[in-house]
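Structure first, commentary second.
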Amino acid sequence: MQSLGILTLLTSALAGIPLFIILGGISIILFYGVQIDLSAIAIEMYRLAGSPTLISIPLFTVSGFMLAESKAPSRILNVVTCMFGWIPGGVAIVSLVVCAFFTAFTGASGVTIIALGGLIYPMLVNNNYSQKFSLGLITSSGSLGLLFPPSLPLVLYGIIAKVDIEKLFLAGIIPGFVLIIFLSVYSVFSQKKVETKKYIFSLKALFQAIKVAKYEIPLPLIVFGGIFGGFITVTEASAITALYVFITTIFIHKDLSLRTDLVRITRESMILVGAIILILSCALGLTNYLVDEEIPMQVVELMSRYIDNKYEFLFYLNIFLLIVGSLMDIFSAIVIIVPIILPIATQFDIDPIHLAIIFLTNLEIGYITPPVGMNLFISSFRFQKSIFYLYRSSLPFLFIMLVALGVITYFPFLSLLWFE
């Protein structure tokens with residue numbers, strides 16, 4: 001009877017039943033099956049509600065959505081173009097950097113592709129980059145900033161895995177730049193025969209662009225400097241960020257309307273946050289069951305028969321996570337998969353901070369992994385191109401990111417340098 005109930009719920013998922021209902025239903029069935037009081041699920045939900053870092057999720061999310069909806073992307077784009085546009089392939093590098101910046105604050109690659117696609121795509125095409133290359137670049141870079149603070153997946157991972165979020169913010173910086181550098185090098189050398197528009201570096205133009213974007217540029221410094229300098233916590237940083245973005249976008253630049261835009265943006269961003277928290281609260285009960293029944297340890301015992309060392313484990317882990325990332329959104333994957341793999345990784349002596357970066361890098365790449373990577377479908381919708389065209393456009397970038405993943409996976413000092 002128990003198996004039938006679980007099978008019914010899993011089948012319902014194919015029909016589009018919300019994930020939180022599936023997770024909550026499975027938790028109830030499993031706890032009932034082992035005769036544990038169902039209040040255990042409610043206790044986990046209450047514990048989540050008491051988490052001091054939980055408030056940072058909606059605050060960082062609404063900040064990112066407000067930035068994306070304002071004219072901040074064009075101002076930052078102008079600054080980065082003045083800085084890097086003169087380099088051969090500089091326009092492609094500019095695109096990567098700007099997308100990473102905004103994905104870090106929105107926490108959602110789809111928002112970056114939709115909000116920045118209209119700015120970056122014409123700029124690339126006007127600089128004689130091919131349509132195929134331009135779409136591949138935008139699709140791939142849509143999730144590029146997920147390793148940079150204050151990325152929402154980093155915060156969520158820290159809550160689920162009970163890892164210090166400030167340490168995760170530090171750990172993601174170098175691996176995040178590794179991905180950007182690999183993609184930048186590929187972009188420069190793959191397009192070196194393209195006759196792009198020549199930008200002349202001008203200090204005057206740079207200072208003018210900085211002057212226009214003077215309120216956006218300090219934002220990362222406020223977040224990074226405040227947290228890593230020990231002046232504010234992650235939660236306080238999220239509140240300061242939200243207030244700062246609110247004042248600059250509505251009252252200083254007046255990009256957004258207080259009456260119409262703010263209400264709409266808040267509603268749209270809170271739909272995302274509400275979905276995350278619902279999934280998270282329902283999944284905690286399932287996680288508790290898995291821990292109580294020692295499921296991860298049973299998996300460890302099974303794997304130990306076939307896997308001899310941690311390097312082999314990491315290889316298979318990457319394959320597994322790439323598949324997960326291509327089938328499941330990053331927030332659901334964090335909630336469902338992390339509690340299972342964390343004890344297994346511990347048995348193979350893998351640092352939990354390093355595991356977090358490997359995990360998120362895989363899911364970041366999963367966004368452009370065929371057949372159902374989310375970025376592929378978002379770009380297909382945004383630019384009115386067939387999904388198969390997006391497959392071909394993104395494939396070279398996928399291979400480059402996989403190479404970068406190998407470097408991040410097997411050189412843990414890139415993630416742990418700050419703590420040694």
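Chain identifiers are assigned as A, B, and so on, following the order in which chains appear in the structure tokens; residues are numbered from 1 within each chain, and ligands are numbered from 1 in order of appearance.
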
Legend entry - Selection near Leu135 of chain A, 9 Å with only C-alpha atoms, sequence-local residues under 6 positions removed, as a PyMOL selection string: chain A and resi 117+121+379+383+390+393-394

Selection above as a file: N, CA and C atoms, as a PDB file, in the first residue's frame:
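Below you can see selection_34.pdb, which holds the result:
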```
ATOM      1  N   GLY A 117      18.951  39.831 -22.555  1.00  0.00           N
ATOM      2  CA  GLY A 117      19.027  39.350 -23.932  1.00  0.00           C
ATOM      3  C   GLY A 117      18.794  40.435 -24.952  1.00  0.00           C
ATOM      4  N   TYR A 121      22.254  40.688 -27.125  1.00  0.00           N
ATOM      5  CA  TYR A 121      22.163  40.041 -28.435  1.00  0.00           C
ATOM      6  C   TYR A 121      22.378  41.031 -29.592  1.00  0.00           C
ATOM      7  N   SER A 379      15.819  30.568 -23.792  1.00  0.00           N
ATOM      8  CA  SER A 379      16.381  31.270 -24.956  1.00  0.00           C
ATOM      9  C   SER A 379      15.562  31.006 -26.210  1.00  0.00           C
ATOM     10  N   PHE A 383      14.171  34.313 -27.988  1.00  0.00           N
ATOM     11  CA  PHE A 383      14.691  34.732 -29.297  1.00  0.00           C
ATOM     12  C   PHE A 383      13.956  34.097 -30.478  1.00  0.00           C
ATOM     13  N   LEU A 390      19.184  25.959 -30.644  1.00  0.00           N
ATOM     14  CA  LEU A 390      19.846  26.322 -29.387  1.00  0.00           C
ATOM     15  C   LEU A 390      20.766  25.207 -28.911  1.00  0.00           C
ATOM     16  N   SER A 393      23.894  25.690 -30.891  1.00  0.00           N
ATOM     17  CA  SER A 393      24.567  26.938 -30.527  1.00  0.00           C
ATOM     18  C   SER A 393      25.302  26.823 -29.198  1.00  0.00           C
ATOM     19  N   SER A 394      24.720  26.094 -28.262  1.00  0.00           N
ATOM     20  CA  SER A 394      25.270  26.035 -26.900  1.00  0.00           C
ATOM     21  C   SER A 394      26.289  24.923 -26.704  1.00  0.00           C
TER      22      SER A 394
END
```

Legend entry - Residues of segment 92-272 of chain A in alpha helix (DSSP H), written as a ChimeraX atom specification: /A:92-106,109-126,131-141,152-161,165-171,173-190,203-212,218-228,234-246,261-272

Inset, instruction - Take atom CA of Leu395 of chain A and atom CA of Ile358 of chain A and report the distance between them in Å, one decimal. - result: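 It comes out at 20.6 Å.
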
Inset, instruction - Tell me which of A:Gln208, A:Thr248, A:Ser380, A:Asn318 sits closest to Ile357 of chain A, counting only C-alpha atoms. - result: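 Answer, going by the shortest atom-to-atom distance: A:Asn318.
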
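The residue set within 10 Å of Gly158 of chain A, counting only C-alpha atoms and dropping same-chain residues fewer than 3 places from it, reads Thr53, Leu152, Pro153, Leu154, Val155, Ala161, Lys162, Val163, Asp164, Ile165, Glu166, Lys167, Leu168, Phe169, Ile334, Ile353 and Ala356 of chain A.
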
Resulting file, chosen residues, N, CA and C atoms, as a PDB file, in the first residue's frame:
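Below you can see result.pdb, which holds the result:
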```pdb
ATOM      1  N   THR A  53      18.743  33.001   8.620  1.00  0.00           N
ATOM      2  CA  THR A  53      19.173  33.357   7.261  1.00  0.00           C
ATOM      3  C   THR A  53      18.049  33.250   6.243  1.00  0.00           C
ATOM      4  N   LEU A 152      21.384  33.322  -4.736  1.00  0.00           N
ATOM      5  CA  LEU A 152      20.346  32.631  -3.970  1.00  0.00           C
ATOM      6  C   LEU A 152      20.628  31.140  -3.783  1.00  0.00           C
ATOM      7  N   PRO A 153      21.108  30.405  -4.821  1.00  0.00           N
ATOM      8  CA  PRO A 153      21.433  28.989  -4.608  1.00  0.00           C
ATOM      9  C   PRO A 153      22.506  28.772  -3.538  1.00  0.00           C
ATOM     10  N   LEU A 154      23.472  29.694  -3.419  1.00  0.00           N
ATOM     11  CA  LEU A 154      24.485  29.574  -2.365  1.00  0.00           C
ATOM     12  C   LEU A 154      23.839  29.675  -0.984  1.00  0.00           C
ATOM     13  N   VAL A 155      22.916  30.623  -0.846  1.00  0.00           N
ATOM     14  CA  VAL A 155      22.220  30.802   0.434  1.00  0.00           C
ATOM     15  C   VAL A 155      21.395  29.559   0.760  1.00  0.00           C
ATOM     16  N   ALA A 161      22.437  22.355   3.825  1.00  0.00           N
ATOM     17  CA  ALA A 161      23.596  21.546   4.226  1.00  0.00           C
ATOM     18  C   ALA A 161      24.165  21.971   5.582  1.00  0.00           C
ATOM     19  N   LYS A 162      23.587  23.042   6.158  1.00  0.00           N
ATOM     20  CA  LYS A 162      24.094  23.572   7.438  1.00  0.00           C
ATOM     21  C   LYS A 162      25.570  23.930   7.331  1.00  0.00           C
ATOM     22  N   VAL A 163      25.891  24.620   6.230  1.00  0.00           N
ATOM     23  CA  VAL A 163      27.247  25.099   5.984  1.00  0.00           C
ATOM     24  C   VAL A 163      27.237  26.621   6.102  1.00  0.00           C
ATOM     25  N   ASP A 164      28.301  27.190   6.636  1.00  0.00           N
ATOM     26  CA  ASP A 164      28.409  28.639   6.806  1.00  0.00           C
ATOM     27  C   ASP A 164      28.254  29.337   5.448  1.00  0.00           C
ATOM     28  N   ILE A 165      27.228  30.167   5.312  1.00  0.00           N
ATOM     29  CA  ILE A 165      26.947  30.817   4.040  1.00  0.00           C
ATOM     30  C   ILE A 165      28.053  31.802   3.667  1.00  0.00           C
ATOM     31  N   GLU A 166      28.639  32.457   4.646  1.00  0.00           N
ATOM     32  CA  GLU A 166      29.728  33.387   4.359  1.00  0.00           C
ATOM     33  C   GLU A 166      30.920  32.644   3.742  1.00  0.00           C
ATOM     34  N   LYS A 167      31.184  31.434   4.214  1.00  0.00           N
ATOM     35  CA  LYS A 167      32.264  30.633   3.638  1.00  0.00           C
ATOM     36  C   LYS A 167      31.924  30.218   2.209  1.00  0.00           C
ATOM     37  N   LEU A 168      30.655  29.908   1.964  1.00  0.00           N
ATOM     38  CA  LEU A 168      30.239  29.566   0.594  1.00  0.00           C
ATOM     39  C   LEU A 168      30.401  30.762  -0.337  1.00  0.00           C
ATOM     40  N   PHE A 169      30.078  31.953   0.162  1.00  0.00           N
ATOM     41  CA  PHE A 169      30.251  33.159  -0.649  1.00  0.00           C
ATOM     42  C   PHE A 169      31.721  33.319  -1.067  1.00  0.00           C
ATOM     43  N   ILE A 334      18.740  21.182  -5.015  1.00  0.00           N
ATOM     44  CA  ILE A 334      19.447  21.430  -3.752  1.00  0.00           C
ATOM     45  C   ILE A 334      18.689  20.796  -2.588  1.00  0.00           C
ATOM     46  N   ILE A 353      32.562  22.306   1.865  1.00  0.00           N
ATOM     47  CA  ILE A 353      32.595  23.561   1.102  1.00  0.00           C
ATOM     48  C   ILE A 353      32.916  23.264  -0.362  1.00  0.00           C
ATOM     49  N   ALA A 356      29.991  21.747  -2.100  1.00  0.00           N
ATOM     50  CA  ALA A 356      28.969  22.740  -2.460  1.00  0.00           C
ATOM     51  C   ALA A 356      29.275  23.380  -3.808  1.00  0.00           C
TER      52      ALA A 356
END
```

Inset, instruction - Rank nothing, just name the residue among A:Leu360, A:Ala209, A:Leu414, A:Glu69 nearest to Arg264 of chain A, using only C-alpha atoms. - result: A:Glu69

Legend entry - Distance query segment 229-236 of chain A at most 9 Å, only C-alpha atoms, self and fewer than 2 positions along chain excluded, as a list in words: Pro52, Thr53, Leu54, Ile55, Ser56, Ile57, Leu59, Pro150, Val155, Ile165, Glu166, Val223, Phe224, Gly225, Gly226, Ile227, Ser238, Ala239, Ile240 and Thr241 of chain A

Write to file, as a PDB file, in the first residue's frame, the residues of the selection just made, with N, CA and C atoms.
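Writing the result to selection_7.pdb gives the following:
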```pdb
ATOM      1  N   PRO A  52      17.567  32.073  10.955  1.00  0.00           N
ATOM      2  CA  PRO A  52      17.824  33.518  10.821  1.00  0.00           C
ATOM      3  C   PRO A  52      18.217  33.932   9.403  1.00  0.00           C
ATOM      4  N   THR A  53      18.743  33.001   8.620  1.00  0.00           N
ATOM      5  CA  THR A  53      19.173  33.357   7.261  1.00  0.00           C
ATOM      6  C   THR A  53      18.049  33.250   6.243  1.00  0.00           C
ATOM      7  N   LEU A  54      16.898  32.723   6.654  1.00  0.00           N
ATOM      8  CA  LEU A  54      15.798  32.531   5.707  1.00  0.00           C
ATOM      9  C   LEU A  54      15.326  33.851   5.110  1.00  0.00           C
ATOM     10  N   ILE A  55      15.351  34.917   5.907  1.00  0.00           N
ATOM     11  CA  ILE A  55      14.861  36.214   5.443  1.00  0.00           C
ATOM     12  C   ILE A  55      15.718  36.765   4.300  1.00  0.00           C
ATOM     13  N   SER A  56      16.966  36.309   4.198  1.00  0.00           N
ATOM     14  CA  SER A  56      17.842  36.823   3.133  1.00  0.00           C
ATOM     15  C   SER A  56      17.372  36.373   1.753  1.00  0.00           C
ATOM     16  N   ILE A  57      16.646  35.255   1.669  1.00  0.00           N
ATOM     17  CA  ILE A  57      16.193  34.755   0.371  1.00  0.00           C
ATOM     18  C   ILE A  57      15.243  35.735  -0.313  1.00  0.00           C
ATOM     19  N   LEU A  59      14.747  38.921   0.350  1.00  0.00           N
ATOM     20  CA  LEU A  59      15.358  40.248   0.215  1.00  0.00           C
ATOM     21  C   LEU A  59      16.346  40.302  -0.949  1.00  0.00           C
ATOM     22  N   PRO A 150      25.721  37.618  -3.992  1.00  0.00           N
ATOM     23  CA  PRO A 150      24.913  36.898  -3.001  1.00  0.00           C
ATOM     24  C   PRO A 150      23.941  35.913  -3.649  1.00  0.00           C
ATOM     25  N   VAL A 155      22.916  30.623  -0.846  1.00  0.00           N
ATOM     26  CA  VAL A 155      22.220  30.802   0.434  1.00  0.00           C
ATOM     27  C   VAL A 155      21.395  29.559   0.760  1.00  0.00           C
ATOM     28  N   ILE A 165      27.228  30.167   5.312  1.00  0.00           N
ATOM     29  CA  ILE A 165      26.947  30.817   4.040  1.00  0.00           C
ATOM     30  C   ILE A 165      28.053  31.802   3.667  1.00  0.00           C
ATOM     31  N   GLU A 166      28.639  32.457   4.646  1.00  0.00           N
ATOM     32  CA  GLU A 166      29.728  33.387   4.359  1.00  0.00           C
ATOM     33  C   GLU A 166      30.920  32.644   3.742  1.00  0.00           C
ATOM     34  N   VAL A 223      28.078  44.564  -0.343  1.00  0.00           N
ATOM     35  CA  VAL A 223      27.770  43.192   0.068  1.00  0.00           C
ATOM     36  C   VAL A 223      29.041  42.460   0.477  1.00  0.00           C
ATOM     37  N   PHE A 224      30.045  42.438  -0.423  1.00  0.00           N
ATOM     38  CA  PHE A 224      31.272  41.682  -0.143  1.00  0.00           C
ATOM     39  C   PHE A 224      32.028  42.274   1.040  1.00  0.00           C
ATOM     40  N   GLY A 225      32.262  43.591   0.964  1.00  0.00           N
ATOM     41  CA  GLY A 225      33.056  44.242   2.010  1.00  0.00           C
ATOM     42  C   GLY A 225      32.394  44.149   3.369  1.00  0.00           C
ATOM     43  N   GLY A 226      31.081  44.323   3.387  1.00  0.00           N
ATOM     44  CA  GLY A 226      30.365  44.265   4.659  1.00  0.00           C
ATOM     45  C   GLY A 226      30.421  42.899   5.298  1.00  0.00           C
ATOM     46  N   ILE A 227      30.177  41.849   4.479  1.00  0.00           N
ATOM     47  CA  ILE A 227      30.152  40.482   5.014  1.00  0.00           C
ATOM     48  C   ILE A 227      31.555  40.015   5.372  1.00  0.00           C
ATOM     49  N   SER A 238      21.499  41.405   3.136  1.00  0.00           N
ATOM     50  CA  SER A 238      20.337  41.308   2.256  1.00  0.00           C
ATOM     51  C   SER A 238      19.388  42.485   2.483  1.00  0.00           C
ATOM     52  N   ALA A 239      19.211  42.888   3.738  1.00  0.00           N
ATOM     53  CA  ALA A 239      18.332  44.018   4.045  1.00  0.00           C
ATOM     54  C   ALA A 239      18.916  45.323   3.510  1.00  0.00           C
ATOM     55  N   ILE A 240      20.214  45.515   3.690  1.00  0.00           N
ATOM     56  CA  ILE A 240      20.872  46.726   3.188  1.00  0.00           C
ATOM     57  C   ILE A 240      20.806  46.775   1.660  1.00  0.00           C
ATOM     58  N   THR A 241      21.024  45.618   1.027  1.00  0.00           N
ATOM     59  CA  THR A 241      20.959  45.555  -0.442  1.00  0.00           C
ATOM     60  C   THR A 241      19.571  45.930  -0.945  1.00  0.00           C
TER      61      THR A 241
END
```

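Considering the residues A:Thr103, A:Asn78, A:Ser326, A:Asn128 and counting only C-alpha atoms, Tyr367 of chain A has its shortest atom-to-atom contact with A:Ser326.
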
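For Ile378 of chain A, the list of residues within 8 Å, based on only C-alpha atoms and with local chain neighbours fewer than 2 positions off taken out, reads Gly110, Ile113, Ile114, Met374, Asn375, Leu376, Ser380, Phe381 and Arg382 of chain A.
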